[in-house]
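Note sheet for the following structure.
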Amino acid sequence: MAEIPTPYTSGTPALKETAEELRARIPGWGVDLDPADRPSYPREQPGIETGARWDFPERQPEKWPRERSVEHAFVTPVFGTSTPPKGISGALRKYAYRKYSEGRAAHWLVLIAADRVDAWESHLRSFATLRPDNPVTETGVLSEFSHHGASSRVGKKRADINHQWIDPILVGAPWALAGLGAVVALRTLRKHRPA
Amino acid sequence: MRSMVYRGPYKVRVEEKDIPQIEHPNDAIVQVKLGAICGSDLHLYHGMMPDTRVGMTFGHEFVGVVHEVGSSVQNLEVGDRVMVPFNIYCGSCYFCSRGLYSNCHNVNPNATAVGGIYGYSHTCGGYDGGQAEFVRVPFADVGPTKIPDWMDEEDAVLLTDALPTGYFGAQLGDIAEGDTVVVFGAGPVGLFAAKSAWLMGAGRVIVIDHLEYRLEKARSFAHAETYNFVEYDDIVVHLKKATDYLGADVVIDAVGAEADGNFLQHVTSSKLKLQGGSPIALNWAIDSVRKGGTVSVVGAYGPLFSAVKFGDAMNKGLTLRMNQCPVKRQWPRLFEHIRNGHLKPSDIVTHRIPLEHIAEGYHIFSAKLDDCIKPLIVATSA
Ligand SMILES: NC(=O)c1ccc[n+]([C@@H]2O[C@H](COP(=O)([O-])OP(=O)(O)OC[C@H]3O[C@@H](n4cnc5c(N)ncnc54)[C@H](O)[C@@H]3O)[C@@H](O)[C@H]2O)c1
Ligand SMILES: [Zn+2]
Ligand SMILES: [Zn+2]
C-alpha cells in the first residue's frame, strides 16, 4: 500500500474484494449493474404506461369548501376527506392556506401552531364524551414494562437516550399543569364561598 | 370499523369509524388484512409534519381485499387480493405521465410540492390511511396490483413502501461497479438500500447507525460493514480514514428528519419543531462523500427549512438526488428479485401487532424497544 493516501495521487483505490468474490458472497450481486435494468433509470420516462384511461380525471364532489394551496390553479380533481377543519385550529388552518404560499415559512408555522391548538381543543372536547383522552393508554407507554423498556436502553450505546426524557415532559407537563390549575381554581372558589 | 386515530403528539388510539365510501368513480374500498408502521409515521406521531389533524387515521403500507369498486374501475374486482403503493396518483398528469408517480399534481390540493400519500397529514392530501379495517383507495386502476399467488403477504406489504424505497435510494446513487456506498440509517429503508446497493454492483457497503441490534441486522441481512457512530468522536473523520481519506463514492441518507447525534439539532427539530427536520445525517452524508460524488436522500424532511451545509455540497461538486419513491415503477423488477431469491423482504419483520394494540406498537417502534425493526399491524377482522 502506498504511503500517500488515495486522493493525493491519480490512482483508484484497490478493491477489497473482486467481483467474483462478491458474487460468491452476496446473493444477486451485480444483477442490476446495467442501468437499463434499473426501473428508475432514467428518472423521467415520457409515455410510461400507468393504467389511466383519462387525460384529466373526473372531479370528486367537494362536500365542504376544501382548503387548498394558493400555488394550485384549483382544488385538485381528487382529494382526501379525512378531517375537515374545525374550531380555532380550523380557522388558523384556513388562514394559513388562504394567506401564504408554500414558499413562505409563515404558512407552515401557522399550520404547526394549528396542530398544537387542535390537540388541546380535542383533549378538552374529549372530556365531554364517554371516552376522555387517556395519556397513559394512548401513549402506549405501558409497553415499557411488557417490552423490555429498561434492558433496551441500559448498557446500550444509544444516542437517543439523551433526549428521550423530554418526551414524557412534552406529553405530561400540560396535563399536570391543567390538573394543578384545576386544584388552584377549586381552592380559590372554596375560599371565596361565603361561609 | 376499527381504526387507528391520532389524538395529538405521541398519542393514538383505536376508535370506531364509518367504513369509507366511494367518492370518485375510480375509487375502490379495500378491506385491510395487513398493514405496517413506517419510519415516516413517526414524524407524524411526534407532531413534526404540519397540518396533521387530530382524528386522522395513519398508515400508508397495507395489503388487503377489494371490498367495493367505483363505476369506472376496470382492473380490479371485489374479492381481489391487492397490494397498494403508498403513493396516491392519477396516472395522467404532467408528472405521472413521465413516471414521477410520487409527484402527482392531481391528488393533493393542500400542497403542490408534495404528491398524495395515504394517512400522511393534510400536507400530503388529507387521506385516511390503512391502519384500519377499511381504506378508500383512489385511482384503483392505477395504483393497486393483485398480489401474485406465489407471493407471501408479508413480502407484499413490505413492497408497498420500505423495500421499493430502499431500492430506489440505491438507484438514486447511480452506483457503478466497485463503488464504495455508505448508508446512514439501519432502519427498514436503510437495510433495503444497503442490500440493493450490492445488486447494483457496489464494491463495499458500509452502514451507520447507533442501535447495535440494527447494525447486527445490517451485517447479517445486508452483508454490510457497520459502524456505530456513538463509538467515534467524529464519524465523518472515521469514514474518511476508512476510505483512505477519499470519502465514499455514494452516500445514502435513510434517516431523515429525526436524526440523532447532535442534541441541539435533534431537539430544535424533533421536539421544538423549529426546523423541517434534523439535518445531522444529511450533513454527515455531504461531508463523508467524496468530491464529485453522489448523495441520495430518501430520508424524509418536513417542508420547513433545515440547517443543511449547502456550501460543502457546492464546493465539493456533489450530485444531490432525492424523491419520495415512485413505488409501482419498482415492482416488476423487485418481483423478479424476490422470485429469484435475491431478496426476502419479510426477514426484517420483528413484530406483528394487532390493530387494537397499535398505541403500544407506536411506542415500541418509536422508542426502539424490544429490538424492533419493522412492526406489522394485523387488522382485527383479518
Ligand atoms: N423517500 C421515500 O419514499 C420514503 C419512504 C419511506 C420512508 N422514508 C423515510 O426514510 C427514513 C427512514 O425510514 P425507516 O422506516 O427506515 O425509519 P426508522 O426510524 O426505523 O430508521 C431510521 C434509523 O436511522 C437511525 N439514525 C438516527 N440518527 C442517525 C444518524 N445521525 N446517523 C445514522 N443513523 C441514524 C435510527 O437509529 C434508525 O435506526 C424516514 O425519514 C422515513 O420518513 C422515505
Ligand atoms: Zn413510509
Ligand atoms: Zn398524477
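Ordering of the C-alpha cells sets the chain letters (A, B, ...); residue numbers start at 1 within each chain; ligands are numbered from 1 in the order shown.
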Counting only C-alpha atoms and all ligand atoms, which protein, DNA or RNA residues come within 6 Å of ligand 3, given as a PDB file with all heavy atoms, in the first residue's frame?
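Okay, this is what ended up in selection.pdb:
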```pdb
ATOM      1  N   TYR B  89     -51.895   8.488  -6.807  1.00  0.00           N
ATOM      2  CA  TYR B  89     -51.543   9.239  -8.017  1.00  0.00           C
ATOM      3  C   TYR B  89     -52.503   8.933  -9.150  1.00  0.00           C
ATOM      4  O   TYR B  89     -53.067   7.852  -9.236  1.00  0.00           O
ATOM      5  CB  TYR B  89     -50.095   8.974  -8.413  1.00  0.00           C
ATOM      6  CG  TYR B  89     -49.766   7.552  -8.784  1.00  0.00           C
ATOM      7  CD1 TYR B  89     -49.506   7.210 -10.105  1.00  0.00           C
ATOM      8  CD2 TYR B  89     -49.702   6.550  -7.828  1.00  0.00           C
ATOM      9  CE1 TYR B  89     -49.189   5.906 -10.467  1.00  0.00           C
ATOM     10  CE2 TYR B  89     -49.398   5.243  -8.176  1.00  0.00           C
ATOM     11  CZ  TYR B  89     -49.143   4.927  -9.487  1.00  0.00           C
ATOM     12  OH  TYR B  89     -48.837   3.648  -9.838  1.00  0.00           O
ATOM     13  N   CYS B  90     -52.665   9.943 -10.033  1.00  0.00           N
ATOM     14  CA  CYS B  90     -53.723   9.886 -11.045  1.00  0.00           C
ATOM     15  C   CYS B  90     -53.333   9.105 -12.287  1.00  0.00           C
ATOM     16  O   CYS B  90     -54.176   8.617 -13.008  1.00  0.00           O
ATOM     17  CB  CYS B  90     -54.129  11.305 -11.434  1.00  0.00           C
ATOM     18  SG  CYS B  90     -52.930  12.152 -12.506  1.00  0.00           S
ATOM     19  N   GLY B  91     -52.039   9.046 -12.576  1.00  0.00           N
ATOM     20  CA  GLY B  91     -51.594   8.326 -13.764  1.00  0.00           C
ATOM     21  C   GLY B  91     -51.604   9.152 -15.038  1.00  0.00           C
ATOM     22  O   GLY B  91     -51.147   8.679 -16.082  1.00  0.00           O
ATOM     23  N   SER B  92     -52.132  10.385 -14.981  1.00  0.00           N
ATOM     24  CA  SER B  92     -52.291  11.116 -16.245  1.00  0.00           C
ATOM     25  C   SER B  92     -51.744  12.543 -16.243  1.00  0.00           C
ATOM     26  O   SER B  92     -51.650  13.162 -17.300  1.00  0.00           O
ATOM     27  CB  SER B  92     -53.775  11.186 -16.610  1.00  0.00           C
ATOM     28  OG  SER B  92     -54.481  11.877 -15.604  1.00  0.00           O
ATOM     29  N   CYS B  93     -51.380  13.091 -15.095  1.00  0.00           N
ATOM     30  CA  CYS B  93     -50.913  14.475 -15.075  1.00  0.00           C
ATOM     31  C   CYS B  93     -49.512  14.575 -15.690  1.00  0.00           C
ATOM     32  O   CYS B  93     -48.914  13.568 -16.066  1.00  0.00           O
ATOM     33  CB  CYS B  93     -50.901  15.010 -13.635  1.00  0.00           C
ATOM     34  SG  CYS B  93     -49.642  14.239 -12.594  1.00  0.00           S
ATOM     35  N   PHE B  95     -46.697  14.983 -14.405  1.00  0.00           N
ATOM     36  CA  PHE B  95     -45.672  14.235 -13.675  1.00  0.00           C
ATOM     37  C   PHE B  95     -45.884  12.723 -13.777  1.00  0.00           C
ATOM     38  O   PHE B  95     -44.951  11.977 -14.074  1.00  0.00           O
ATOM     39  CB  PHE B  95     -45.618  14.724 -12.223  1.00  0.00           C
ATOM     40  CG  PHE B  95     -45.429  16.216 -12.160  1.00  0.00           C
ATOM     41  CD1 PHE B  95     -46.504  17.070 -11.937  1.00  0.00           C
ATOM     42  CD2 PHE B  95     -44.196  16.780 -12.413  1.00  0.00           C
ATOM     43  CE1 PHE B  95     -46.339  18.462 -11.947  1.00  0.00           C
ATOM     44  CE2 PHE B  95     -44.011  18.160 -12.429  1.00  0.00           C
ATOM     45  CZ  PHE B  95     -45.092  19.000 -12.189  1.00  0.00           C
ATOM     46  N   CYS B  96     -47.117  12.271 -13.530  1.00  0.00           N
ATOM     47  CA  CYS B  96     -47.396  10.831 -13.612  1.00  0.00           C
ATOM     48  C   CYS B  96     -47.067  10.286 -14.998  1.00  0.00           C
ATOM     49  O   CYS B  96     -46.526   9.187 -15.129  1.00  0.00           O
ATOM     50  CB  CYS B  96     -48.869  10.549 -13.321  1.00  0.00           C
ATOM     51  SG  CYS B  96     -49.300  10.722 -11.583  1.00  0.00           S
ATOM     52  N   CYS B 104     -47.390  13.447  -8.175  1.00  0.00           N
ATOM     53  CA  CYS B 104     -48.655  13.692  -8.878  1.00  0.00           C
ATOM     54  C   CYS B 104     -49.228  15.065  -8.537  1.00  0.00           C
ATOM     55  O   CYS B 104     -49.170  15.517  -7.396  1.00  0.00           O
ATOM     56  CB  CYS B 104     -49.663  12.602  -8.513  1.00  0.00           C
ATOM     57  SG  CYS B 104     -51.261  12.843  -9.305  1.00  0.00           S
ATOM     58  N   HIS B 105     -49.824  15.717  -9.555  1.00  0.00           N
ATOM     59  CA  HIS B 105     -50.348  17.067  -9.355  1.00  0.00           C
ATOM     60  C   HIS B 105     -51.863  17.100  -9.176  1.00  0.00           C
ATOM     61  O   HIS B 105     -52.435  18.153  -8.951  1.00  0.00           O
ATOM     62  CB  HIS B 105     -49.964  17.951 -10.554  1.00  0.00           C
ATOM     63  CG  HIS B 105     -49.684  19.379 -10.194  1.00  0.00           C
ATOM     64  ND1 HIS B 105     -48.641  19.754  -9.370  1.00  0.00           N
ATOM     65  CD2 HIS B 105     -50.326  20.544 -10.516  1.00  0.00           C
ATOM     66  CE1 HIS B 105     -48.641  21.077  -9.212  1.00  0.00           C
ATOM     67  NE2 HIS B 105     -49.662  21.580  -9.882  1.00  0.00           N
ATOM     68  N   ASN B 106     -52.515  15.940  -9.279  1.00  0.00           N
ATOM     69  CA  ASN B 106     -53.981  15.921  -9.282  1.00  0.00           C
ATOM     70  C   ASN B 106     -54.613  15.370  -8.016  1.00  0.00           C
ATOM     71  O   ASN B 106     -55.819  15.126  -7.985  1.00  0.00           O
ATOM     72  CB  ASN B 106     -54.480  15.090 -10.475  1.00  0.00           C
ATOM     73  CG  ASN B 106     -54.641  15.937 -11.725  1.00  0.00           C
ATOM     74  OD1 ASN B 106     -54.895  17.133 -11.634  1.00  0.00           O
ATOM     75  ND2 ASN B 106     -54.503  15.315 -12.888  1.00  0.00           N
TER      76      ASN B 106
END
```
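Listed by chain and then residue number, the contacts of ligand 2 are Cys38, Ser40 and Asp161 of chain B (distance at most 6 Å, using only C-alpha atoms and all ligand atoms).
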What are the closest atom pairs, with distances in Å to one decimal, for all residues of chain B lying within 6 Å of ligand 1? Consider only C-alpha atoms and all ligand atoms, order rows by chain and residue number, and present the result as CSV.
```
residue,atom,partner,partner_atom_place_in_ligand_line,distance
B:Cys38,CA,ligand 1,15 (O),4.5
B:Gly39,CA,ligand 1,17 (O),3.3
B:Ser40,CA,ligand 1,43 (O),3.2
B:Asp161,CA,ligand 1,6 (C),5.7
B:Ala162,CA,ligand 1,6 (C),5.5
B:Thr165,CA,ligand 1,3 (O),5.2
B:Phe184,CA,ligand 1,33 (C),4.2
B:Gly185,CA,ligand 1,34 (N),3.5
B:Ala186,CA,ligand 1,39 (O),4.6
B:Gly187,CA,ligand 1,16 (O),3.4
B:Pro188,CA,ligand 1,16 (O),4.0
B:Val189,CA,ligand 1,16 (O),3.9
B:Gly190,CA,ligand 1,16 (O),5.6
B:Ile208,CA,ligand 1,33 (C),5.0
B:Asp209,CA,ligand 1,34 (N),3.7
B:His210,CA,ligand 1,37 (O),5.5
B:Leu211,CA,ligand 1,37 (O),5.5
B:Ala254,CA,ligand 1,11 (C),4.8
B:Val255,CA,ligand 1,24 (O),4.2
B:Gly256,CA,ligand 1,41 (O),3.5
B:Ala257,CA,ligand 1,41 (O),5.6
B:Ala259,CA,ligand 1,28 (N),3.5
B:Asp260,CA,ligand 1,28 (N),3.8
B:Gly261,CA,ligand 1,31 (N),5.0
B:Ile280,CA,ligand 1,31 (N),5.3
B:Ala281,CA,ligand 1,31 (N),4.2
B:Val298,CA,ligand 1,1 (N),3.9
B:Gly299,CA,ligand 1,10 (O),3.7
B:Ala300,CA,ligand 1,41 (O),4.0
B:Asn323,CA,ligand 1,1 (N),5.4
B:Gln324,CA,ligand 1,3 (O),3.4
B:Cys325,CA,ligand 1,3 (O),3.8
```
In terms of the shortest atom-to-atom distance over only C-alpha atoms, which of B:Leu159, B:Val181, B:Leu34, B:Ile175 is closest to Pro144 of chain B?
-> B:Leu159
Strand (DSSP E or B) residues, from DSSP on the backbone, in segment 182-231 of chain B, as a list in words | Val182, Val183, Phe184, Arg204, Val205, Ile206, Val207, Ile208, Asp209, Glu225, Thr226, Tyr227 and Asn228 of chain B
Kindly save the residues from that selection, with N, CA and C atoms included, as a PDB file, in the first residue's frame.
```pdb
ATOM      1  N   VAL B 182     -21.961   4.276   1.345  1.00  0.00           N
ATOM      2  CA  VAL B 182     -22.258   4.403   2.769  1.00  0.00           C
ATOM      3  C   VAL B 182     -23.747   4.659   2.926  1.00  0.00           C
ATOM      4  N   VAL B 183     -24.387   3.922   3.834  1.00  0.00           N
ATOM      5  CA  VAL B 183     -25.807   4.140   4.112  1.00  0.00           C
ATOM      6  C   VAL B 183     -25.948   4.621   5.543  1.00  0.00           C
ATOM      7  N   PHE B 184     -26.498   5.810   5.738  1.00  0.00           N
ATOM      8  CA  PHE B 184     -26.830   6.275   7.083  1.00  0.00           C
ATOM      9  C   PHE B 184     -28.232   5.798   7.421  1.00  0.00           C
ATOM     10  N   ARG B 204     -18.252  -2.123  -1.933  1.00  0.00           N
ATOM     11  CA  ARG B 204     -18.153  -2.068  -0.484  1.00  0.00           C
ATOM     12  C   ARG B 204     -19.391  -1.339   0.024  1.00  0.00           C
ATOM     13  N   VAL B 205     -20.062  -1.904   1.031  1.00  0.00           N
ATOM     14  CA  VAL B 205     -21.261  -1.260   1.574  1.00  0.00           C
ATOM     15  C   VAL B 205     -21.089  -1.102   3.080  1.00  0.00           C
ATOM     16  N   ILE B 206     -21.187   0.138   3.537  1.00  0.00           N
ATOM     17  CA  ILE B 206     -20.978   0.462   4.949  1.00  0.00           C
ATOM     18  C   ILE B 206     -22.272   1.049   5.505  1.00  0.00           C
ATOM     19  N   VAL B 207     -22.735   0.537   6.656  1.00  0.00           N
ATOM     20  CA  VAL B 207     -23.964   1.062   7.256  1.00  0.00           C
ATOM     21  C   VAL B 207     -23.647   1.696   8.611  1.00  0.00           C
ATOM     22  N   ILE B 208     -24.231   2.878   8.839  1.00  0.00           N
ATOM     23  CA  ILE B 208     -24.010   3.632  10.079  1.00  0.00           C
ATOM     24  C   ILE B 208     -25.322   3.782  10.839  1.00  0.00           C
ATOM     25  N   ASP B 209     -25.309   3.522  12.136  1.00  0.00           N
ATOM     26  CA  ASP B 209     -26.473   3.751  12.999  1.00  0.00           C
ATOM     27  C   ASP B 209     -25.923   3.830  14.408  1.00  0.00           C
ATOM     28  N   GLU B 225     -20.637  -3.812   6.170  1.00  0.00           N
ATOM     29  CA  GLU B 225     -19.644  -3.448   7.172  1.00  0.00           C
ATOM     30  C   GLU B 225     -20.357  -2.358   7.995  1.00  0.00           C
ATOM     31  N   THR B 226     -20.218  -2.365   9.326  1.00  0.00           N
ATOM     32  CA  THR B 226     -21.021  -1.405  10.097  1.00  0.00           C
ATOM     33  C   THR B 226     -20.176  -0.626  11.104  1.00  0.00           C
ATOM     34  N   TYR B 227     -20.612   0.584  11.383  1.00  0.00           N
ATOM     35  CA  TYR B 227     -20.008   1.383  12.454  1.00  0.00           C
ATOM     36  C   TYR B 227     -21.100   2.050  13.261  1.00  0.00           C
ATOM     37  N   ASN B 228     -20.920   2.031  14.594  1.00  0.00           N
ATOM     38  CA  ASN B 228     -21.840   2.710  15.494  1.00  0.00           C
ATOM     39  C   ASN B 228     -21.288   4.117  15.731  1.00  0.00           C
TER      40      ASN B 228
END
```
Distance query Gly30 of chain A at most 10 Å, only C-alpha atoms, self and fewer than 5 positions along chain excluded, as a VMD selection string = (chain A and resid 19 22 to 23) or (chain B and resid 176 to 178 196 to 203)
Save out the residues we just selected, all heavy atoms, as a compact mmCIF listing (two decimals), in the first residue's frame.
```txt
# COMPACT_ATOMS: atom_id res chain seq x y z
N ALA A 19 -14.92 -8.94 -8.10
CA ALA A 19 -16.31 -9.18 -8.49
C ALA A 19 -16.69 -10.64 -8.24
O ALA A 19 -17.79 -10.93 -7.78
CB ALA A 19 -16.51 -8.80 -9.96
N LEU A 22 -17.33 -11.18 -4.58
CA LEU A 22 -18.60 -10.55 -4.18
C LEU A 22 -19.79 -11.37 -4.66
O LEU A 22 -20.75 -11.60 -3.93
CB LEU A 22 -18.68 -9.12 -4.73
CG LEU A 22 -17.75 -8.12 -4.04
CD1 LEU A 22 -17.63 -6.84 -4.85
CD2 LEU A 22 -18.28 -7.80 -2.63
N ARG A 23 -19.69 -11.86 -5.90
CA ARG A 23 -20.79 -12.64 -6.47
C ARG A 23 -21.00 -13.92 -5.65
O ARG A 23 -22.12 -14.34 -5.43
CB ARG A 23 -20.49 -12.97 -7.93
CG ARG A 23 -21.72 -13.24 -8.75
CD ARG A 23 -21.40 -13.31 -10.25
NE ARG A 23 -21.36 -12.01 -10.89
CZ ARG A 23 -20.34 -11.53 -11.59
NH1 ARG A 23 -19.23 -12.25 -11.73
NH2 ARG A 23 -20.40 -10.35 -12.15
N ALA B 176 -21.87 2.63 -9.57
CA ALA B 176 -21.11 1.97 -10.64
C ALA B 176 -20.34 0.80 -10.01
O ALA B 176 -20.14 0.77 -8.79
CB ALA B 176 -20.15 2.95 -11.30
N GLU B 177 -19.90 -0.14 -10.82
CA GLU B 177 -19.23 -1.33 -10.30
C GLU B 177 -18.04 -0.95 -9.42
O GLU B 177 -17.21 -0.13 -9.80
CB GLU B 177 -18.76 -2.23 -11.45
CG GLU B 177 -18.10 -3.50 -10.92
CD GLU B 177 -17.92 -4.59 -11.96
OE1 GLU B 177 -18.40 -4.42 -13.10
OE2 GLU B 177 -17.28 -5.61 -11.62
N GLY B 178 -18.00 -1.55 -8.24
CA GLY B 178 -16.87 -1.33 -7.35
C GLY B 178 -17.00 -0.13 -6.44
O GLY B 178 -16.14 0.11 -5.60
N SER B 196 -29.73 -3.45 -1.61
CA SER B 196 -29.89 -3.14 -3.04
C SER B 196 -28.59 -2.63 -3.67
O SER B 196 -28.35 -2.84 -4.86
CB SER B 196 -30.98 -2.08 -3.24
OG SER B 196 -32.19 -2.50 -2.67
N ALA B 197 -27.77 -1.95 -2.86
CA ALA B 197 -26.51 -1.41 -3.40
C ALA B 197 -25.65 -2.54 -3.98
O ALA B 197 -24.99 -2.37 -5.01
CB ALA B 197 -25.75 -0.66 -2.30
N TRP B 198 -25.70 -3.69 -3.34
CA TRP B 198 -24.94 -4.84 -3.87
C TRP B 198 -25.48 -5.29 -5.22
O TRP B 198 -24.71 -5.65 -6.12
CB TRP B 198 -25.03 -6.03 -2.90
CG TRP B 198 -24.35 -5.88 -1.58
CD1 TRP B 198 -24.95 -5.97 -0.35
CD2 TRP B 198 -22.96 -5.68 -1.32
NE1 TRP B 198 -24.04 -5.82 0.65
CE2 TRP B 198 -22.79 -5.65 0.09
CE3 TRP B 198 -21.82 -5.51 -2.13
CZ2 TRP B 198 -21.55 -5.46 0.71
CZ3 TRP B 198 -20.58 -5.33 -1.52
CH2 TRP B 198 -20.46 -5.30 -0.13
N LEU B 199 -26.83 -5.27 -5.35
CA LEU B 199 -27.41 -5.70 -6.63
C LEU B 199 -26.89 -4.83 -7.77
O LEU B 199 -26.74 -5.27 -8.90
CB LEU B 199 -28.95 -5.63 -6.60
CG LEU B 199 -29.68 -6.41 -5.51
CD1 LEU B 199 -31.18 -6.26 -5.66
CD2 LEU B 199 -29.30 -7.90 -5.54
N MET B 200 -26.62 -3.56 -7.43
CA MET B 200 -26.15 -2.63 -8.46
C MET B 200 -24.64 -2.65 -8.62
O MET B 200 -24.07 -1.83 -9.34
CB MET B 200 -26.66 -1.23 -8.15
CG MET B 200 -28.17 -1.17 -8.40
SD MET B 200 -28.99 0.17 -7.58
CE MET B 200 -30.56 -0.60 -7.20
N GLY B 201 -23.98 -3.56 -7.93
CA GLY B 201 -22.56 -3.77 -8.16
C GLY B 201 -21.61 -3.03 -7.24
O GLY B 201 -20.43 -2.89 -7.55
N ALA B 202 -22.11 -2.57 -6.09
CA ALA B 202 -21.21 -1.90 -5.15
C ALA B 202 -20.05 -2.82 -4.76
O ALA B 202 -20.21 -4.04 -4.70
CB ALA B 202 -21.98 -1.48 -3.90
N GLY B 203 -18.89 -2.21 -4.51
CA GLY B 203 -17.73 -2.99 -4.11
C GLY B 203 -17.60 -3.07 -2.59
O GLY B 203 -16.92 -3.94 -2.04
```
